[in-house]
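Asks: Following this message is one structure expressed as structure tokens.
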Amino acid sequence: MTQKSPKELGTEKISKLLMMYAIPAVIAMTASSLYNMVDRIFIGRIGSGAEGALALSGLAVTFPIMNLSAAFGAMVGVGGSTLISVKLGQRDYATAQNVLGNVVSLNILIGVVLGFFAILFIDPILLFFGASENTIGYARDYMFIILLGNVITHLYLGLNAVLRSAGHPNIAMSATITTVIVNSILDPLFIFTFNLGIRGAAWATIIAQFIALIFVLKILSNKNEVIHLRRGIYKLKKRIVKNMLTIGLSPFCMQLCACLVVILINKGLQKHGGDLSIAAYGIINGITFIFVMISLGITQGMQPIAGFNYGAQKFDRVTQVLRYSILYASIIMTCSFIVCEFFPHIPVMLFTEDPQLTSLATAGMKIIVLCNPLVGFYIVVGNFFQSIGMAKRSIFLSASRQLLFLVPLLLILPDIFGTNGVWISIAVSDGIAIIVAAVMLWNFYRHGAFKNAELNL
């Protein structure tokens, strides 16, 4: 790409443009979900069926830590990439360049600090997150290695998001696919051939991300790019950091709330169902995550289009991309409902052959996906507000599902319905969040939509 703004974002037909940007992002996000799924499939087959189930439970216990790490990464990566889209739309290339440098600096700083403190208190953290004496060994072995590579993870995810915003969705997709391929090759090699067990899965993850990071850094070092890595852009600037973190607060809150929610889910499942119920949640999460990630891929394709046209004040095009995104995400999530509601045993069989664990996972998944046909709408609307820099709306929508709806339900329903109470809580909170998203979007357009939009990010 030469030294110019990706002008097609403001001129190309929206349906074609969304396909151009969304398809690579969907492929990348699908690959990313498969990346996580591959780990769980191989980990579930460590040793005997019972040992594999405990290893899966130990892996599920690490989810809150990974969500916390992802929260900080999303705050920088999503905030930075959204800001870059807006600045490119405004043709403010100098600021876009400095945003790139600040994304690098913040990711390194946060990655080091977070990784250090998490390693320092790893056992108390894991026990608090729901580990038992039977699963903490697996959780510790996996998480220690993941935390050692925390900076690599943060930089890779953050800079990959920047690539999409800078007009390179295909390259961003290629980087993600690279991690999946490398991870899929290394997983069985490290876990079984080298007999590293769950630690092998962790090493495979970090090495795959490191290789992808080198690939991304090489692309962003090209001086012919409109924004590229160079001297003088890495000093943190107050205004840029503030705007990045403000925009990124929405995904940060979403991931932070997800951390709290997973803790409550693990504790509820541990109390009412034990380690196998936590393992079942790990399987359900792995399966449903694929469809959510595809929907998020659609929103990632939407983000640079919405951000650019918002910055260029072409608001009719912003509305068009929103409509198409809602349609496509709704189709995807309806497919997830059909698969998980009517054929749940098929994907569950990929993870385990243990009959008790299979029964727990299939029963839970059929409850969790009840509102899925409309979840795509909720996902798109939340990311839409974030894409055009309306952080407060996006933050509220992100946090309300988790804090206002799901957390109270998780504190009440499991004591009434046992393990099923956990699954019911997730489905009910989805339903309420969908209604809230619909009301917010209706009010947004009812009151003039973009007339109060601020363009001074």
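Following the order of the structure tokens, first chain is A, next is B, and so on, with residues numbered from 1 inside each chain and ligands from 1 in the order they appear.
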Can you tell me, as a list in words, what residues are no more than 9 Å from Ala25 in chain A when counting only C-alpha atoms, ignoring any on the same chain fewer than 5 positions away?

Replies: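 Residues near the query, excluding close chain neighbours: Thr30, Arg164, Pro169, Asn170, Ala172, Met173, Ile294, Leu296, Gly297, Ile298, Thr299, Gln300 and Gly301 of chain A.
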
Asks: Can you write out as JSON lines which residues of range 236-292 of chain A fall within 12 Å of range 93-98 of chain A, alongside each residue's closest atom pair and its distance in Å to one decimal, counting only C-alpha atoms and ordering rows by chain and ascending residue number?

Replies:
{"residue": "A:Leu236", "atom": "CA", "partner": "A:Asn98", "partner_atom": "CA", "distance": 8.7}
{"residue": "A:Lys237", "atom": "CA", "partner": "A:Asn98", "partner_atom": "CA", "distance": 8.3}
{"residue": "A:Lys238", "atom": "CA", "partner": "A:Asn98", "partner_atom": "CA", "distance": 11.4}
{"residue": "A:Arg239", "atom": "CA", "partner": "A:Thr95", "partner_atom": "CA", "distance": 10.3}
{"residue": "A:Ile240", "atom": "CA", "partner": "A:Asn98", "partner_atom": "CA", "distance": 7.9}
{"residue": "A:Val241", "atom": "CA", "partner": "A:Asn98", "partner_atom": "CA", "distance": 10.1}
{"residue": "A:Asn243", "atom": "CA", "partner": "A:Thr95", "partner_atom": "CA", "distance": 11.6}
{"residue": "A:Met244", "atom": "CA", "partner": "A:Ala96", "partner_atom": "CA", "distance": 11.3}

Asks: Can you write just those residues out, N, CA and C atoms, as a PDB file, in the first residue's frame?

Replies:
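Generated output (result-v2.pdb):
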ATOM      1  N   LEU A 236       4.928   7.659  24.948  1.00  0.00           N
ATOM      2  CA  LEU A 236       3.511   7.734  25.277  1.00  0.00           C
ATOM      3  C   LEU A 236       3.049   9.195  25.327  1.00  0.00           C
ATOM      4  N   LYS A 237       1.965   9.487  24.616  1.00  0.00           N
ATOM      5  CA  LYS A 237       1.407  10.832  24.584  1.00  0.00           C
ATOM      6  C   LYS A 237       0.049  10.825  25.266  1.00  0.00           C
ATOM      7  N   LYS A 238      -0.125  11.755  26.183  1.00  0.00           N
ATOM      8  CA  LYS A 238      -1.297  11.770  27.050  1.00  0.00           C
ATOM      9  C   LYS A 238      -2.607  11.749  26.277  1.00  0.00           C
ATOM     10  N   ARG A 239      -2.731  12.590  25.268  1.00  0.00           N
ATOM     11  CA  ARG A 239      -3.987  12.672  24.524  1.00  0.00           C
ATOM     12  C   ARG A 239      -4.280  11.382  23.776  1.00  0.00           C
ATOM     13  N   ILE A 240      -3.258  10.816  23.154  1.00  0.00           N
ATOM     14  CA  ILE A 240      -3.444   9.572  22.411  1.00  0.00           C
ATOM     15  C   ILE A 240      -3.801   8.434  23.355  1.00  0.00           C
ATOM     16  N   VAL A 241      -3.058   8.305  24.437  1.00  0.00           N
ATOM     17  CA  VAL A 241      -3.330   7.236  25.400  1.00  0.00           C
ATOM     18  C   VAL A 241      -4.734   7.365  25.972  1.00  0.00           C
ATOM     19  N   ASN A 243      -7.406   8.833  24.616  1.00  0.00           N
ATOM     20  CA  ASN A 243      -8.409   8.482  23.614  1.00  0.00           C
ATOM     21  C   ASN A 243      -8.438   6.988  23.331  1.00  0.00           C
ATOM     22  N   MET A 244      -7.262   6.370  23.260  1.00  0.00           N
ATOM     23  CA  MET A 244      -7.196   4.927  23.038  1.00  0.00           C
ATOM     24  C   MET A 244      -7.896   4.165  24.161  1.00  0.00           C
TER      25      MET A 244
END

Asks: Got a sec: who's within 10 Å of range 144-146 of chain A, counting only C-alpha atoms, leaving out chain neighbours fewer than 5 positions off, as a PyMOL selection string?

Replies: chain A and resi 66+115+118-120+122+139+151-153+199-206

Asks: Let's have the selection written as an mmCIF file, in the first residue's frame, with N, CA and C atoms.

Replies:
data_model
loop_
_atom_site.group_PDB
_atom_site.id
_atom_site.type_symbol
_atom_site.label_atom_id
_atom_site.label_comp_id
_atom_site.auth_asym_id
_atom_site.auth_seq_id
_atom_site.Cartn_x
_atom_site.Cartn_y
_atom_site.Cartn_z
ATOM 1 N N MET A 66 -6.785 -15.568 31.675
ATOM 2 C CA MET A 66 -6.638 -15.236 30.258
ATOM 3 C C MET A 66 -7.614 -14.135 29.848
ATOM 4 N N GLY A 115 1.981 -9.929 33.603
ATOM 5 C CA GLY A 115 2.573 -11.258 33.654
ATOM 6 C C GLY A 115 3.366 -11.490 34.928
ATOM 7 N N ALA A 118 0.967 -11.843 38.014
ATOM 8 C CA ALA A 118 0.177 -13.071 37.937
ATOM 9 C C ALA A 118 1.025 -14.298 38.277
ATOM 10 N N ILE A 119 2.276 -14.317 37.815
ATOM 11 C CA ILE A 119 3.179 -15.430 38.149
ATOM 12 C C ILE A 119 3.490 -15.430 39.635
ATOM 13 N N LEU A 120 3.676 -14.255 40.204
ATOM 14 C CA LEU A 120 4.038 -14.125 41.612
ATOM 15 C C LEU A 120 2.974 -14.735 42.534
ATOM 16 N N ILE A 122 0.403 -16.975 41.508
ATOM 17 C CA ILE A 122 -0.335 -17.874 40.632
ATOM 18 C C ILE A 122 -1.194 -18.892 41.385
ATOM 19 N N ALA A 139 -3.619 -26.645 35.957
ATOM 20 C CA ALA A 139 -3.821 -25.206 35.718
ATOM 21 C C ALA A 139 -2.507 -24.441 35.855
ATOM 22 N N VAL A 151 3.841 -10.863 27.065
ATOM 23 C CA VAL A 151 4.175 -9.716 26.209
ATOM 24 C C VAL A 151 3.995 -10.077 24.737
ATOM 25 N N ILE A 152 4.406 -11.270 24.381
ATOM 26 C CA ILE A 152 4.256 -11.726 22.994
ATOM 27 C C ILE A 152 2.788 -11.728 22.599
ATOM 28 N N THR A 153 1.942 -12.270 23.474
ATOM 29 C CA THR A 153 0.504 -12.337 23.200
ATOM 30 C C THR A 153 -0.084 -10.942 23.012
ATOM 31 N N ARG A 199 1.646 -28.773 29.601
ATOM 32 C CA ARG A 199 2.684 -27.766 29.384
ATOM 33 C C ARG A 199 3.047 -27.667 27.905
ATOM 34 N N GLY A 200 2.968 -28.790 27.206
ATOM 35 C CA GLY A 200 3.248 -28.794 25.777
ATOM 36 C C GLY A 200 2.263 -27.934 25.006
ATOM 37 N N ALA A 201 0.983 -27.962 25.423
ATOM 38 C CA ALA A 201 -0.028 -27.130 24.771
ATOM 39 C C ALA A 201 0.289 -25.651 24.970
ATOM 40 N N ALA A 202 0.762 -25.300 26.164
ATOM 41 C CA ALA A 202 1.106 -23.906 26.447
ATOM 42 C C ALA A 202 2.301 -23.454 25.605
ATOM 43 N N TRP A 203 3.336 -24.285 25.532
ATOM 44 C CA TRP A 203 4.506 -23.930 24.720
ATOM 45 C C TRP A 203 4.131 -23.794 23.246
ATOM 46 N N ALA A 204 3.268 -24.666 22.761
ATOM 47 C CA ALA A 204 2.825 -24.595 21.373
ATOM 48 C C ALA A 204 2.119 -23.267 21.101
ATOM 49 N N THR A 205 1.311 -22.819 22.058
ATOM 50 C CA THR A 205 0.578 -21.560 21.921
ATOM 51 C C THR A 205 1.526 -20.373 21.822
ATOM 52 N N ILE A 206 2.488 -20.293 22.736
ATOM 53 C CA ILE A 206 3.411 -19.151 22.764
ATOM 54 C C ILE A 206 4.318 -19.123 21.538
#

Asks: Using only C-alpha atoms for the distances, tell me which of A:Ala280, A:Val262, A:Phe342, A:Gln386 is nearest to Pro355 in chain A.

Replies: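 Comparing A:Ala280, A:Val262, A:Phe342, A:Gln386 against Pro355 in chain A, the winner is A:Ala280.
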
Asks: Using only C-alpha atoms, find the one residue out of A:Ser15, A:Thr176, A:Ser277, A:Asn36 that sits nearest to Ser57 in chain A.

Replies: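 Comparing A:Ser15, A:Thr176, A:Ser277, A:Asn36 against Ser57 in chain A, the winner is A:Ser277.
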
Asks: Give me, as a list in words, all polymer residues having an atom no more than 12 Å from Glu133 in chain A, counting only C-alpha atoms and skipping those fewer than 5 positions away in the same chain.

Replies: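 Residues near the query, excluding close chain neighbours: Leu54, Ser57, Gly58, Asp123, Leu126, Leu127, Tyr138, Ala139, Arg140, Gln270, Gly274 and Asp275 of chain A.
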
Asks: Can I get the selected residues back with C-alpha atoms, as a PDB file, in the first residue's frame?

Replies:
ATOM      1  CA  LEU A  54      -9.289 -33.247  34.954  1.00  0.00           C
ATOM      2  CA  SER A  57     -11.100 -28.751  34.143  1.00  0.00           C
ATOM      3  CA  GLY A  58      -7.677 -27.334  35.014  1.00  0.00           C
ATOM      4  CA  ASP A 123      -1.457 -20.524  43.167  1.00  0.00           C
ATOM      5  CA  LEU A 126      -5.980 -20.274  40.614  1.00  0.00           C
ATOM      6  CA  LEU A 127      -7.526 -21.506  43.867  1.00  0.00           C
ATOM      7  CA  TYR A 138      -2.735 -28.851  35.488  1.00  0.00           C
ATOM      8  CA  ALA A 139      -3.821 -25.206  35.718  1.00  0.00           C
ATOM      9  CA  ARG A 140      -0.460 -24.066  37.136  1.00  0.00           C
ATOM     10  CA  GLN A 270     -17.485 -26.573  41.606  1.00  0.00           C
ATOM     11  CA  GLY A 274     -17.484 -30.658  40.928  1.00  0.00           C
ATOM     12  CA  ASP A 275     -14.519 -30.821  38.567  1.00  0.00           C
TER      13      ASP A 275
END

Asks: My list of candidates is A:Ala208, A:Met440, A:Ile65, A:Met75. Which is closest to Ile181 in chain A when distances are computed with only C-alpha atoms?

Replies: A:Ala208

Asks: Write out as a JSON list (two decimals) with C-alpha atoms, in the first residue's frame which residues come within 7 Å of Trp423 in chain A when counting only C-alpha atoms, dropping same-chain ones fewer than 4 positions away.

Replies:
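Below is the file result.json, written as the result:
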[["chain", "number", "residue", "atom", "x", "y", "z"],
["A", 364, "GLY", "CA", -25.65, -27.58, 29.50],
["A", 367, "ILE", "CA", -29.76, -24.50, 27.66],
["A", 368, "ILE", "CA", -27.03, -21.91, 27.05],
["A", 427, "ALA", "CA", -29.29, -17.84, 28.67]]

Asks: List every residue of range 63-281 of chain A that DSSP, applied to the backbone of this structure, places in alpha helix (DSSP H), and write the result as an MDAnalysis selection string.

Replies: chainID A and resid 63:89 93:120 122:128 136:148 150:165 169:188 198:220 238:272 275:281

Asks: Would you mind telling me which residue in A:Gly268, A:Gly111, A:Gly149, A:Gly79 lies nearest to Phe252 in chain A when using only C-alpha atoms?

Replies: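 The shortest atom-to-atom distance to Phe252 in chain A comes from A:Gly79.
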
Asks: Tell me which of A:Cys340, A:Ile227, A:Leu245, A:Ile388 sits closest to Thr319 in chain A, counting only C-alpha atoms.

Replies: A:Ile388

Asks: For Leu213 in chain A, please output as a VMD selection string all residues within 8 Å (counting only C-alpha atoms; exclusion window: fewer than 2 positions along the same chain).

Replies: chain A and resid 152 155 to 156 175 209 to 211 215 to 217

Asks: Using the selection just defined, write its residues with C-alpha atoms as a short mmCIF file (atom, residue, chain, number, x, y, z; two decimals), in the first residue's frame.

Replies:
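Once everything was written out, this is again.cif:
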data_model
loop_
_atom_site.label_atom_id
_atom_site.label_comp_id
_atom_site.auth_asym_id
_atom_site.auth_seq_id
_atom_site.Cartn_x
_atom_site.Cartn_y
_atom_site.Cartn_z
CA ILE A 152 4.26 -11.73 22.99
CA LEU A 155 1.91 -7.36 21.05
CA TYR A 156 0.65 -9.91 18.52
CA ALA A 175 -1.07 -13.96 10.60
CA GLN A 209 2.12 -16.47 18.56
CA PHE A 210 5.81 -15.52 18.47
CA ILE A 211 6.14 -16.65 14.85
CA PHE A 215 5.43 -11.79 10.57
CA VAL A 216 3.28 -8.80 11.67
CA LEU A 217 6.33 -6.76 12.73
#

Asks: Could you please determine the separation between CA of Cys259 in chain A and CA of Phe337 in chain A in Å, to one decimal place?

Replies: 24.3 Å

Asks: So that I can check the surroundings of range 189-195 of chain A, please list as a ChimeraX atom specification every protein, DNA and RNA residue that reaches within 12 Å of it, counting only C-alpha atoms and ignoring chain neighbours fewer than 5 positions away.

Replies: /A:38-47,142,182-184,200-205,207

Asks: So the first atom is CA of Ile379 in chain A and the second is CA of Met143 in chain A; what is the distance between them in Å, to one decimal place?

Replies: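 Between CA of Ile379 in chain A and CA of Met143 in chain A the gap is 28.6 Å.
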
Asks: May I ask which of the residues A:Gly73, A:Gly197, A:Gly101, A:Gly418 is the closest one to His228 in chain A, counting only C-alpha atoms?

Replies: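 Counting only C-alpha atoms, the residue closest to His228 in chain A is A:Gly101.
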
Asks: Tell me, in Å to one decimal, how far CA of Ala53 in chain A is from CA of Thr362 in chain A.

Replies: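 Between these atoms lies a distance of 14.9 Å.
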